[in-house]
Protein chains: 2
Amino acid sequence: MEALDPLLHQPLRTQLAAFLAGAGEASFSELKRSLDVSDGNLESHLKKLIAADYVSLQRSEGPGRAQTRYSMTPTGLAALQRYIQALHKLLPIGAEGLAGAGHLAGNTGS
Amino acid sequence: MEALDPLLHQPLRTQLAAFLAGAGEASFSELKRSLDVSDGNLESHLKKLIAADYVSLQRSEGPGRAQTRYSMTPTGLAALQRYIQALHKLLPIGAEGLAGAGHLAGNTGS
DNA sequence: CATATAACTCTGAACTACAGAGTTAATCCA
DNA sequence: TGGATTAACTCTGTAGTTCAGAGTTATATG
């Protein structure tokens, strides 16, 4: 059976990776606002993704308040793609697979 | 942002739910073999799914070795469908979304 | 009847997730 | 100028989760 990358298969990190992949890059606060998560929690999950080289950071220079921008690395994007493919294999995604399975089905909502 | 059911968004439980949804039902040993997991681990994850009424069990009667068959409940199937839809919204599934994102892309492997 | 084995269940250790307190440094207003 | 405020992190301890393997029960088998 297909294994799911445990680094990506966690609610907050899946969202984090998906958001960064979609947005290109984001600041700490943007991520915090978008994912509605506490500072500490965001930090610890970002750290894991950074440690795995899935996410990279770039500190802004110049005037104004210091700010770090986070983005997916090529490694991270590749892992995300592999992860999505694993989900595809595992789940009957996009094929109404559950409704059509036969057993127990038929009550799948209006 | 779309929340992912934490009960389903865990490697082993996603596989468990997907397997049961696909197979209709399975015994403890079949699950153990298919998912390649230790007894204790399988038990504890099954317990969570049962506690949430995502999975039901039916003990076999009659002669022969007792055996419990596990299957998804309607509640579980509905949750799985919602989960899959949440994944859809979150991830650029099936749309080559990552490769086309622009930033950082272009190295997405030949 | 003794041994083996399938089918679970329990327990505790290791790891993960999380919130909030703490830190640093830039901006604001008098 | 300088004290207060706030944004942007970072650290730490607690609570919760995951996991393997030891333990249990009951059936089959020599």
# chains A, B, ... in the order shown; residues from 1 in each chain; ligands from 1

$ interface_residues --of "chain B" --to "chain D" --cutoff "12 Å" --atoms "only C-alpha atoms (C1' of nucleotides)" --output "ChimeraX atom specification"
/B:6-7,10-13,37-45,48,63-67

$ write_last_selection --atoms "N, CA, C and O atoms" --output "PDB file, in the first residue's frame"
ATOM      1  N   PRO B   6      -9.165  15.784  11.427  1.00  0.00           N
ATOM      2  CA  PRO B   6      -7.926  15.235  11.970  1.00  0.00           C
ATOM      3  C   PRO B   6      -8.014  13.732  12.225  1.00  0.00           C
ATOM      4  O   PRO B   6      -6.997  13.055  12.321  1.00  0.00           O
ATOM      5  N   LEU B   7      -9.227  13.240  12.309  1.00  0.00           N
ATOM      6  CA  LEU B   7      -9.398  11.808  12.513  1.00  0.00           C
ATOM      7  C   LEU B   7      -9.009  11.038  11.253  1.00  0.00           C
ATOM      8  O   LEU B   7      -8.484   9.936  11.314  1.00  0.00           O
ATOM      9  N   GLN B  10      -4.512  11.377   8.974  1.00  0.00           N
ATOM     10  CA  GLN B  10      -3.389  10.745   9.675  1.00  0.00           C
ATOM     11  C   GLN B  10      -3.044   9.528   8.838  1.00  0.00           C
ATOM     12  O   GLN B  10      -3.957   8.808   8.392  1.00  0.00           O
ATOM     13  N   PRO B  11      -1.741   9.306   8.584  1.00  0.00           N
ATOM     14  CA  PRO B  11      -1.374   8.293   7.595  1.00  0.00           C
ATOM     15  C   PRO B  11      -2.117   6.961   7.724  1.00  0.00           C
ATOM     16  O   PRO B  11      -2.759   6.513   6.773  1.00  0.00           O
ATOM     17  N   LEU B  12      -2.019   6.352   8.878  1.00  0.00           N
ATOM     18  CA  LEU B  12      -2.618   5.031   9.001  1.00  0.00           C
ATOM     19  C   LEU B  12      -4.134   5.068   8.877  1.00  0.00           C
ATOM     20  O   LEU B  12      -4.744   4.206   8.229  1.00  0.00           O
ATOM     21  N   ARG B  13      -4.762   6.061   9.470  1.00  0.00           N
ATOM     22  CA  ARG B  13      -6.224   6.113   9.436  1.00  0.00           C
ATOM     23  C   ARG B  13      -6.746   6.456   8.051  1.00  0.00           C
ATOM     24  O   ARG B  13      -7.793   5.941   7.635  1.00  0.00           O
ATOM     25  N   VAL B  37       1.082  -3.239   9.615  1.00  0.00           N
ATOM     26  CA  VAL B  37       1.121  -2.476  10.845  1.00  0.00           C
ATOM     27  C   VAL B  37       1.094  -3.436  12.035  1.00  0.00           C
ATOM     28  O   VAL B  37       0.656  -4.578  11.899  1.00  0.00           O
ATOM     29  N   SER B  38       1.601  -2.976  13.168  1.00  0.00           N
ATOM     30  CA  SER B  38       1.625  -3.851  14.339  1.00  0.00           C
ATOM     31  C   SER B  38       0.220  -3.993  14.931  1.00  0.00           C
ATOM     32  O   SER B  38      -0.647  -3.151  14.731  1.00  0.00           O
ATOM     33  N   ASP B  39       0.009  -5.071  15.657  1.00  0.00           N
ATOM     34  CA  ASP B  39      -1.291  -5.335  16.279  1.00  0.00           C
ATOM     35  C   ASP B  39      -1.767  -4.145  17.108  1.00  0.00           C
ATOM     36  O   ASP B  39      -2.888  -3.672  16.958  1.00  0.00           O
ATOM     37  N   GLY B  40      -0.890  -3.690  17.984  1.00  0.00           N
ATOM     38  CA  GLY B  40      -1.272  -2.632  18.905  1.00  0.00           C
ATOM     39  C   GLY B  40      -1.644  -1.345  18.201  1.00  0.00           C
ATOM     40  O   GLY B  40      -2.598  -0.670  18.586  1.00  0.00           O
ATOM     41  N   ASN B  41      -0.894  -1.055  17.199  1.00  0.00           N
ATOM     42  CA  ASN B  41      -1.132   0.169  16.457  1.00  0.00           C
ATOM     43  C   ASN B  41      -2.457   0.102  15.692  1.00  0.00           C
ATOM     44  O   ASN B  41      -3.248   1.048  15.725  1.00  0.00           O
ATOM     45  N   LEU B  42      -2.681  -1.016  15.061  1.00  0.00           N
ATOM     46  CA  LEU B  42      -3.937  -1.193  14.335  1.00  0.00           C
ATOM     47  C   LEU B  42      -5.115  -1.071  15.290  1.00  0.00           C
ATOM     48  O   LEU B  42      -6.077  -0.342  15.028  1.00  0.00           O
ATOM     49  N   GLU B  43      -5.015  -1.764  16.386  1.00  0.00           N
ATOM     50  CA  GLU B  43      -6.073  -1.730  17.399  1.00  0.00           C
ATOM     51  C   GLU B  43      -6.385  -0.302  17.831  1.00  0.00           C
ATOM     52  O   GLU B  43      -7.545   0.105  17.882  1.00  0.00           O
ATOM     53  N   SER B  44      -5.338   0.465  18.116  1.00  0.00           N
ATOM     54  CA  SER B  44      -5.595   1.790  18.671  1.00  0.00           C
ATOM     55  C   SER B  44      -6.232   2.721  17.632  1.00  0.00           C
ATOM     56  O   SER B  44      -7.094   3.530  17.965  1.00  0.00           O
ATOM     57  N   HIS B  45      -5.835   2.588  16.397  1.00  0.00           N
ATOM     58  CA  HIS B  45      -6.437   3.432  15.371  1.00  0.00           C
ATOM     59  C   HIS B  45      -7.860   2.989  15.050  1.00  0.00           C
ATOM     60  O   HIS B  45      -8.747   3.819  14.852  1.00  0.00           O
ATOM     61  N   LYS B  48     -10.201   4.404  17.609  1.00  0.00           N
ATOM     62  CA  LYS B  48     -10.570   5.810  17.414  1.00  0.00           C
ATOM     63  C   LYS B  48     -11.652   5.943  16.363  1.00  0.00           C
ATOM     64  O   LYS B  48     -12.587   6.737  16.509  1.00  0.00           O
ATOM     65  N   PRO B  63     -19.810 -21.659  14.695  1.00  0.00           N
ATOM     66  CA  PRO B  63     -18.627 -22.447  15.010  1.00  0.00           C
ATOM     67  C   PRO B  63     -17.374 -21.803  14.423  1.00  0.00           C
ATOM     68  O   PRO B  63     -17.464 -20.873  13.642  1.00  0.00           O
ATOM     69  N   GLY B  64     -16.255 -22.303  14.830  1.00  0.00           N
ATOM     70  CA  GLY B  64     -14.985 -21.800  14.301  1.00  0.00           C
ATOM     71  C   GLY B  64     -14.459 -20.644  15.112  1.00  0.00           C
ATOM     72  O   GLY B  64     -15.125 -20.123  16.004  1.00  0.00           O
ATOM     73  N   ARG B  65     -13.289 -20.265  14.799  1.00  0.00           N
ATOM     74  CA  ARG B  65     -12.600 -19.199  15.501  1.00  0.00           C
ATOM     75  C   ARG B  65     -13.366 -17.879  15.386  1.00  0.00           C
ATOM     76  O   ARG B  65     -13.807 -17.519  14.301  1.00  0.00           O
ATOM     77  N   ALA B  66     -13.510 -17.226  16.484  1.00  0.00           N
ATOM     78  CA  ALA B  66     -14.219 -15.938  16.461  1.00  0.00           C
ATOM     79  C   ALA B  66     -13.445 -14.951  15.609  1.00  0.00           C
ATOM     80  O   ALA B  66     -12.211 -14.949  15.586  1.00  0.00           O
ATOM     81  N   GLN B  67     -14.154 -14.112  14.934  1.00  0.00           N
ATOM     82  CA  GLN B  67     -13.502 -13.130  14.082  1.00  0.00           C
ATOM     83  C   GLN B  67     -14.409 -11.918  13.967  1.00  0.00           C
ATOM     84  O   GLN B  67     -15.622 -12.055  13.873  1.00  0.00           O
TER      85      GLN B  67
END

$ closest_atom_pairs --of "chain C" --to "chain A" --cutoff "7 Å" --atoms "only C-alpha atoms (C1' of nucleotides)" --output "JSON lines"
{"residue": "C:DC18", "atom": "C1'", "partner": "A:Asn41", "partner_atom": "CA", "distance": 5.7}
{"residue": "C:DA19", "atom": "C1'", "partner": "A:Ser38", "partner_atom": "CA", "distance": 6.9}
{"residue": "C:DA26", "atom": "C1'", "partner": "A:Arg65", "partner_atom": "CA", "distance": 5.7}

$ atom_distance --atom1 "atom CA of B:Ala23" --atom2 "atom CA of A:Ala3"
18.2 Å

$ atom_distance --atom1 "atom CA of B:Thr75" --atom2 "atom CA of B:Ala18"
14.0 Å

$ residues_around --residues "A:Ala52" --least-positions-apart "3" --cutoff "12 Å" --atoms "only C-alpha atoms (C1' of nucleotides)" --output "list in words"
Asp5, Pro6, Leu7, Leu8, His45, Leu46, Lys47, Lys48, Leu49, Val55, Ser56, Met72, Thr73, Pro74, Thr75, Gly76 and Ala79 of chain A

$ closest_residue --among "A:Ala86, A:Leu77, A:Leu31, A:Leu20" --to "chain B" --atoms "only C-alpha atoms"
A:Leu77

$ atom_distance --atom1 "atom CA of A:Gly22" --atom2 "atom C1' of C:DT16"
26.4 Å
